[in-house]
Amino acid sequence: MSDPGRDVDREAGLALLHMMLRIRRMEEKSAELYSAEKIRGFLHLYIGEEACAAGVMRELRPDDAVVATYREHGHALAKGMSMRAIMAEMFGKVTGCSRGRGGSMHLFDAATRFCGGNAIVGGHLPLAVGLGLADAMLRRPRVTVCFFGEGAVAEGEFHEAMNLAALWRLPVLFCCENNLYAMGTALARSESEVDLVRKAEAYRVPAAAVDGMDALAVGAAARRALEHVRAGEGPYFLELRTFRFRPHSMFDPELYRNRAEVDRWRERDPIALLEGRLRAAGHLTDEARARLERDVEAEVADAVAFAEASPLEPEGELDRFVHAEVRA
Amino acid sequence: MREVTYREAVREAMREAMRADERVLLLGEDVGRYGGAFGVSKGLLEEFGEERVRDTPLSESGFVGAGIGAALGGLRPIVEVMTVNFSLLALDQIVNTAALLRHMSGDQFGVPLVLRMTTGAGRQLAAQHSHSLEGWYAHVPGLRVLAPATIEDARGMLAPALADPDPVVLFEHAGLYNLKGPLPEAPAPVDIARAAVRRPGRDVTLVTYGGSLGKALEAAAALAELGVDAEVIDLRVLRPLDDATLLASVARTHRAVIVDEGWRTGSLAGEVAARLGEQAFYDLDAPIERVCSAEVPIPYARHLELAALPRVEGIVAAALRTLGR
């Protein structure tokens, strides 16, 4: 048997581990703060799926755009947004990335080209197509990456977006995070064809499926996909096979799946998987691991303190920004 | 002055916008080779090419959403939706994305998109091609909703709509495309903020917009023969409503009739009536009248279609009622 750690690039592996830990710990803290009623509304945790966002985002350039779903804390962080701005947003504070108007589901950041935080399943796919169209027409060498769950492939907008992106050969990378459950409905109970790659191929969009629990494999697959897109060959569809360890939202009693299935997936925890490989390759010592944990813990504590101390947007500003205040 | 149709005026406005700004493109079903379902974009493909005059598949949600994304990405798209009925397939994109994005993102992302669509009945196209749902769009914060009712506005509203940093929905009543009228060689710019008094009068205010403006003016002419001097107000901008022009008129006439091709229940006419009730109660000398479409799906048969829509004689009768006649 070959050494599973042999091919692990030290720098990439450690960076991915750090990013996944940041996402995990930020979200664990968010769940705690939800129970403490500091965070309200819907809170959809990404725990278990961190390798997808971390793996893809590492392959992007700063001016590539990301359009994501309402389970997007991880994507926002991995795209480069500050944990402070994300946490403050969830607290509903004016220092939040969307001034507290969006909350957990609507993180936005123009500086990192993070276009939401979109909570209508499938609704943001055409948006990604349009961003790609603008780049193509303005001859800008950028890529738009659109994340969505497997539930979205049942929406008409998925099919319309696939067709348009392929027809117009637009620079869009579609990343389908297949976590097997659309809220509580299993893929096989909602789709006549469960092989998602075939759906993309029906639109002549090149597609691949990858183990979404393996951050390095996700990175490698994203690299190949992006090469295709950056070469002007049109869109690419990546299916990331993953699993959400937590309920759909904080309101979900999880009646639709059994403990054993969740436990089986937990054995393939993306953080533990990568950690094991890094250790086997000699890239991670106990001491380094502990230091990583301490750093992340400090960052989370700082983000929470920042959110706590931040002011609320004055009520008098409620109707600001329905329209632009500065007109062209 | 020269004589042009409403259709030609819209086309000329698009041509001018595309010549002036490379970022402007036209997206929609059959806007290119076909020349537009109503012939509005005829000739634009030849001048600007397939990239900028872009035929789309029949994917209203897809191409309206793509227009929104393209606007976010720095282009200035004009998206044509064939009819307001079809726009319901894209309502998610318009209401859940375009209208919300700026506020929801804390002023980080705006959508400078112009959405053109035809509306209205009168051509025996039956229930799925004839409705007037302008009032639905006028309900939504974040949208600016325009209804050009004249050649001048058909020509002039597009440029300020494209300059708007936020989404603008432009309703073209299908019955107006063949309307002919004079237009200066270099038309003056128009605003997209104010209502217009199309006929001044002292006795009663007829408030209307879009395809019903002609009927209101006809009614005013008929009323004049009966010795009633009616003022006709063209709302032009359905959101945000220009209350000031309305209130000033009613302060003069003390009577109001609202003519709206939409259904009465939950209509724009209802909104106008409510505002007059709230802000002009003591100016009014008679109950406000509304002349709207009958609350039925618009039927095919000519006589039934006409019976379902606001009619000149209905407007005249309503105006006379406000005068106790």
# chains A, B, ... in the order shown; residues from 1 in each chain; ligands from 1
$ residues_around --residues "Ala193 (chain B)" --least-positions-apart "4" --cutoff "12 Å" --atoms "only C-alpha atoms" --output "short mmCIF file (atom, residue, chain, number, x, y, z; two decimals) with C-alpha atoms, in the first residue's frame"
data_model
loop_
_atom_site.label_atom_id
_atom_site.label_comp_id
_atom_site.auth_asym_id
_atom_site.auth_seq_id
_atom_site.Cartn_x
_atom_site.Cartn_y
_atom_site.Cartn_z
CA ARG B 144 -38.98 52.00 -10.52
CA VAL B 145 -41.99 51.37 -12.73
CA LEU B 146 -42.66 53.44 -15.84
CA ALA B 147 -45.56 53.51 -18.27
CA MET B 157 -37.83 57.35 -20.98
CA PRO B 160 -32.90 58.04 -17.94
CA ALA B 161 -33.98 54.47 -17.17
CA ASP B 164 -30.66 54.75 -13.18
CA VAL B 168 -36.45 49.98 -13.92
CA LEU B 235 -49.18 59.04 -14.04
CA ARG B 236 -46.15 58.10 -16.22
CA VAL B 237 -44.28 56.82 -13.17
CA LEU B 238 -46.21 54.07 -11.37
CA ARG B 239 -43.60 53.68 -8.67
CA PRO B 240 -42.79 55.90 -6.89
CA LEU B 241 -46.12 57.69 -7.43
CA ASP B 242 -45.95 61.45 -7.84
CA ASP B 243 -48.44 62.46 -5.16
CA ALA B 244 -47.77 66.18 -5.55
CA THR B 245 -49.13 66.43 -9.10
#
$ interface_residues --of "chain B" --to "chain A" --cutoff "9 Å" --atoms "only C-alpha atoms" --output "PyMOL selection string"
chain B and resi 23+51-52+56-75+92-93+96-97+99-110+141-143+163-167
$ select_by_dssp --residues "region 99-217 of chain A" --states "alpha helix (DSSP H)" --output "MDAnalysis selection string"
chainID A and resid 125:137 156:167 187:190 196:202 215:217
$ write_last_selection --atoms "C-alpha atoms" --output "PDB file, in the first residue's frame"
ATOM      1  CA  LEU A 125     -27.741  30.386 -10.983  1.00  0.00           C
ATOM      2  CA  PRO A 126     -28.949  32.791 -13.692  1.00  0.00           C
ATOM      3  CA  LEU A 127     -27.183  35.558 -11.785  1.00  0.00           C
ATOM      4  CA  ALA A 128     -23.899  33.684 -12.141  1.00  0.00           C
ATOM      5  CA  VAL A 129     -24.591  33.284 -15.863  1.00  0.00           C
ATOM      6  CA  GLY A 130     -25.049  37.046 -16.156  1.00  0.00           C
ATOM      7  CA  LEU A 131     -21.823  37.791 -14.305  1.00  0.00           C
ATOM      8  CA  GLY A 132     -20.109  35.431 -16.714  1.00  0.00           C
ATOM      9  CA  LEU A 133     -21.760  37.178 -19.649  1.00  0.00           C
ATOM     10  CA  ALA A 134     -20.458  40.547 -18.480  1.00  0.00           C
ATOM     11  CA  ASP A 135     -16.929  39.184 -18.148  1.00  0.00           C
ATOM     12  CA  ALA A 136     -17.103  37.575 -21.580  1.00  0.00           C
ATOM     13  CA  MET A 137     -18.426  40.708 -23.270  1.00  0.00           C
ATOM     14  CA  GLY A 156     -36.125  25.093 -13.709  1.00  0.00           C
ATOM     15  CA  GLU A 157     -33.563  27.815 -13.147  1.00  0.00           C
ATOM     16  CA  PHE A 158     -30.809  25.187 -12.953  1.00  0.00           C
ATOM     17  CA  HIS A 159     -31.702  23.955 -16.417  1.00  0.00           C
ATOM     18  CA  GLU A 160     -32.151  27.431 -17.862  1.00  0.00           C
ATOM     19  CA  ALA A 161     -28.812  28.535 -16.451  1.00  0.00           C
ATOM     20  CA  MET A 162     -26.956  25.438 -17.675  1.00  0.00           C
ATOM     21  CA  ASN A 163     -28.328  25.874 -21.159  1.00  0.00           C
ATOM     22  CA  LEU A 164     -27.525  29.595 -21.342  1.00  0.00           C
ATOM     23  CA  ALA A 165     -24.006  29.188 -19.966  1.00  0.00           C
ATOM     24  CA  ALA A 166     -23.256  26.388 -22.414  1.00  0.00           C
ATOM     25  CA  LEU A 167     -24.956  28.053 -25.377  1.00  0.00           C
ATOM     26  CA  LEU A 187     -32.046  12.808  -3.691  1.00  0.00           C
ATOM     27  CA  ALA A 188     -33.513   9.458  -4.758  1.00  0.00           C
ATOM     28  CA  ARG A 189     -36.919  10.544  -3.528  1.00  0.00           C
ATOM     29  CA  SER A 190     -36.902  13.698  -5.631  1.00  0.00           C
ATOM     30  CA  LEU A 196     -26.000  14.720 -11.511  1.00  0.00           C
ATOM     31  CA  VAL A 197     -23.063  14.709 -13.890  1.00  0.00           C
ATOM     32  CA  ARG A 198     -25.383  13.355 -16.566  1.00  0.00           C
ATOM     33  CA  LYS A 199     -27.668  16.348 -16.171  1.00  0.00           C
ATOM     34  CA  ALA A 200     -24.792  18.692 -16.950  1.00  0.00           C
ATOM     35  CA  GLU A 201     -23.708  16.549 -19.847  1.00  0.00           C
ATOM     36  CA  ALA A 202     -27.197  16.844 -21.292  1.00  0.00           C
ATOM     37  CA  ALA A 215     -10.103  18.941   0.392  1.00  0.00           C
ATOM     38  CA  LEU A 216      -7.046  18.097  -1.700  1.00  0.00           C
ATOM     39  CA  ALA A 217      -9.095  16.151  -4.223  1.00  0.00           C
TER      40      ALA A 217
END
$ residues_around --residues "Val172 (chain A)" --least-positions-apart "4" --cutoff "6 Å" --atoms "only C-alpha atoms" --output "tab-separated table (two decimals) with all heavy atoms, in the first residue's frame"
chain	number	residue	atom	x	y	z
A	132	GLY	N	-20.99	36.02	-15.70
A	132	GLY	CA	-20.11	35.43	-16.71
A	132	GLY	C	-20.27	36.13	-18.06
A	132	GLY	O	-19.29	36.38	-18.77
A	143	VAL	N	-13.48	34.46	-13.66
A	143	VAL	CA	-14.40	33.33	-13.59
A	143	VAL	C	-15.44	33.62	-12.52
A	143	VAL	O	-15.14	34.28	-11.52
A	143	VAL	CB	-13.64	32.03	-13.25
A	143	VAL	CG1	-14.60	30.88	-12.99
A	143	VAL	CG2	-12.69	31.67	-14.39
A	144	THR	N	-16.67	33.19	-12.76
A	144	THR	CA	-17.70	33.24	-11.73
A	144	THR	C	-17.96	31.82	-11.26
A	144	THR	O	-18.21	30.93	-12.07
A	144	THR	CB	-19.00	33.86	-12.27
A	144	THR	OG1	-18.72	35.21	-12.67
A	144	THR	CG2	-20.09	33.86	-11.20
A	145	VAL	N	-17.88	31.61	-9.95
A	145	VAL	CA	-18.13	30.29	-9.39
A	145	VAL	C	-19.47	30.31	-8.67
A	145	VAL	O	-19.71	31.18	-7.83
A	145	VAL	CB	-17.01	29.87	-8.41
A	145	VAL	CG1	-17.24	28.44	-7.93
A	145	VAL	CG2	-15.66	29.99	-9.07
A	235	PRO	N	-18.51	26.79	-19.69
A	235	PRO	CA	-18.73	26.42	-18.28
A	235	PRO	C	-18.28	24.98	-17.98
A	235	PRO	O	-18.02	24.19	-18.89
A	235	PRO	CB	-20.25	26.53	-18.13
A	235	PRO	CG	-20.78	26.27	-19.50
A	235	PRO	CD	-19.78	26.86	-20.45
$ select_by_dssp --residues "region 155-223 of chain B" --states "strand (DSSP E or B)" --output "PyMOL selection string"
chain B and resi 168-173+180-183+196-199+204-208
$ write_last_selection --atoms "C-alpha atoms" --output "PDB file, in the first residue's frame"
ATOM      1  CA  VAL B 168     -36.453  49.979 -13.924  1.00  0.00           C
ATOM      2  CA  VAL B 169     -39.482  48.202 -15.353  1.00  0.00           C
ATOM      3  CA  LEU B 170     -40.899  49.827 -18.477  1.00  0.00           C
ATOM      4  CA  PHE B 171     -44.396  48.902 -19.612  1.00  0.00           C
ATOM      5  CA  GLU B 172     -45.321  49.368 -23.246  1.00  0.00           C
ATOM      6  CA  HIS B 173     -49.025  48.905 -23.884  1.00  0.00           C
ATOM      7  CA  LYS B 180     -48.467  57.912 -34.656  1.00  0.00           C
ATOM      8  CA  GLY B 181     -47.422  61.347 -33.642  1.00  0.00           C
ATOM      9  CA  PRO B 182     -44.946  64.172 -34.134  1.00  0.00           C
ATOM     10  CA  LEU B 183     -41.474  63.985 -32.649  1.00  0.00           C
ATOM     11  CA  ALA B 196     -47.927  64.927 -16.357  1.00  0.00           C
ATOM     12  CA  VAL B 197     -51.068  66.969 -16.890  1.00  0.00           C
ATOM     13  CA  ARG B 198     -52.040  65.984 -20.427  1.00  0.00           C
ATOM     14  CA  ARG B 199     -55.126  68.190 -20.545  1.00  0.00           C
ATOM     15  CA  VAL B 204     -62.909  66.788 -12.530  1.00  0.00           C
ATOM     16  CA  THR B 205     -59.536  65.011 -12.611  1.00  0.00           C
ATOM     17  CA  LEU B 206     -59.186  61.872 -14.717  1.00  0.00           C
ATOM     18  CA  VAL B 207     -56.130  59.952 -13.485  1.00  0.00           C
ATOM     19  CA  THR B 208     -54.719  57.279 -15.755  1.00  0.00           C
TER      20      THR B 208
END
$ residues_around --residues "region 299-302 of chain B" --least-positions-apart "3" --cutoff "9 Å" --atoms "only C-alpha atoms" --output "PDB file with N, CA, C and O atoms, in the first residue's frame"
ATOM      1  N   GLY B 122     -56.834  44.311 -25.889  1.00  0.00           N
ATOM      2  CA  GLY B 122     -57.395  45.093 -26.978  1.00  0.00           C
ATOM      3  C   GLY B 122     -57.142  44.499 -28.343  1.00  0.00           C
ATOM      4  O   GLY B 122     -57.573  45.041 -29.348  1.00  0.00           O
ATOM      5  N   ARG B 123     -56.432  43.384 -28.390  1.00  0.00           N
ATOM      6  CA  ARG B 123     -56.135  42.803 -29.697  1.00  0.00           C
ATOM      7  C   ARG B 123     -56.631  41.367 -29.817  1.00  0.00           C
ATOM      8  O   ARG B 123     -56.090  40.573 -30.554  1.00  0.00           O
ATOM      9  N   GLN B 124     -57.599  41.008 -28.978  1.00  0.00           N
ATOM     10  CA  GLN B 124     -58.211  39.664 -29.007  1.00  0.00           C
ATOM     11  C   GLN B 124     -57.175  38.559 -28.827  1.00  0.00           C
ATOM     12  O   GLN B 124     -57.212  37.547 -29.497  1.00  0.00           O
ATOM     13  N   LEU B 125     -56.241  38.771 -27.920  1.00  0.00           N
ATOM     14  CA  LEU B 125     -55.219  37.742 -27.675  1.00  0.00           C
ATOM     15  C   LEU B 125     -55.594  36.845 -26.498  1.00  0.00           C
ATOM     16  O   LEU B 125     -54.815  35.988 -26.095  1.00  0.00           O
ATOM     17  N   ALA B 126     -56.756  37.076 -25.932  1.00  0.00           N
ATOM     18  CA  ALA B 126     -57.315  36.227 -24.879  1.00  0.00           C
ATOM     19  C   ALA B 126     -56.527  36.287 -23.578  1.00  0.00           C
ATOM     20  O   ALA B 126     -55.604  37.093 -23.421  1.00  0.00           O
ATOM     21  N   ALA B 127     -56.887  35.419 -22.668  1.00  0.00           N
ATOM     22  CA  ALA B 127     -56.540  35.622 -21.261  1.00  0.00           C
ATOM     23  C   ALA B 127     -55.053  35.519 -20.935  1.00  0.00           C
ATOM     24  O   ALA B 127     -54.592  36.143 -19.988  1.00  0.00           O
ATOM     25  N   SER B 130     -53.069  39.149 -22.293  1.00  0.00           N
ATOM     26  CA  SER B 130     -53.777  40.438 -22.323  1.00  0.00           C
ATOM     27  C   SER B 130     -53.848  41.174 -20.993  1.00  0.00           C
ATOM     28  O   SER B 130     -54.487  42.214 -20.917  1.00  0.00           O
ATOM     29  N   VAL B 296     -62.539  39.581 -14.487  1.00  0.00           N
ATOM     30  CA  VAL B 296     -62.594  38.303 -15.216  1.00  0.00           C
ATOM     31  C   VAL B 296     -61.302  38.164 -16.012  1.00  0.00           C
ATOM     32  O   VAL B 296     -60.659  39.174 -16.308  1.00  0.00           O
ATOM     33  N   GLU B 305     -64.331  41.116 -24.892  1.00  0.00           N
ATOM     34  CA  GLU B 305     -63.090  41.797 -24.515  1.00  0.00           C
ATOM     35  C   GLU B 305     -63.363  43.272 -24.250  1.00  0.00           C
ATOM     36  O   GLU B 305     -62.947  43.827 -23.222  1.00  0.00           O
ATOM     37  N   LEU B 306     -64.078  43.899 -25.160  1.00  0.00           N
ATOM     38  CA  LEU B 306     -64.392  45.327 -24.990  1.00  0.00           C
ATOM     39  C   LEU B 306     -65.204  45.565 -23.728  1.00  0.00           C
ATOM     40  O   LEU B 306     -64.992  46.550 -23.016  1.00  0.00           O
ATOM     41  N   ALA B 307     -66.109  44.620 -23.449  1.00  0.00           N
ATOM     42  CA  ALA B 307     -66.945  44.779 -22.261  1.00  0.00           C
ATOM     43  C   ALA B 307     -66.120  44.637 -20.986  1.00  0.00           C
ATOM     44  O   ALA B 307     -66.476  45.176 -19.937  1.00  0.00           O
ATOM     45  N   ALA B 308     -65.004  43.915 -21.077  1.00  0.00           N
ATOM     46  CA  ALA B 308     -64.181  43.698 -19.884  1.00  0.00           C
ATOM     47  C   ALA B 308     -63.273  44.882 -19.572  1.00  0.00           C
ATOM     48  O   ALA B 308     -62.813  45.039 -18.442  1.00  0.00           O
TER      49      ALA B 308
END
$ residues_around --residues "Ala303 (chain A)" --least-positions-apart "2" --cutoff "7 Å" --atoms "only C-alpha atoms" --output "PyMOL selection string"
chain A and resi 83-84+87+299-301+305-307
$ write_last_selection --atoms "C-alpha atoms" --output "CSV table (one decimal), in the first residue's frame"
chain,number,residue,atom,x,y,z
A,83,MET,CA,-14.8,36.6,10.4
A,84,ARG,CA,-15.6,39.8,12.2
A,87,MET,CA,-20.2,37.3,12.8
A,299,GLU,CA,-9.9,34.6,15.9
A,300,VAL,CA,-13.4,33.4,16.8
A,301,ALA,CA,-13.2,35.0,20.2
A,305,ALA,CA,-16.2,40.3,20.8
A,306,PHE,CA,-16.3,42.6,17.8
A,307,ALA,CA,-19.9,41.6,17.0
$ residues_around --residues "Met117 (chain B)" --least-positions-apart "2" --cutoff "7 Å" --atoms "only C-alpha atoms" --output "VMD selection string"
chain B and resid 80 to 84 115 119 170 to 172
$ atom_distance --atom1 "CA of Glu152 (chain B)" --atom2 "CA of Arg252 (chain B)"
26.7 Å
$ atom_distance --atom1 "CA of Phe245 (chain A)" --atom2 "CA of Val262 (chain A)"
6.3 Å
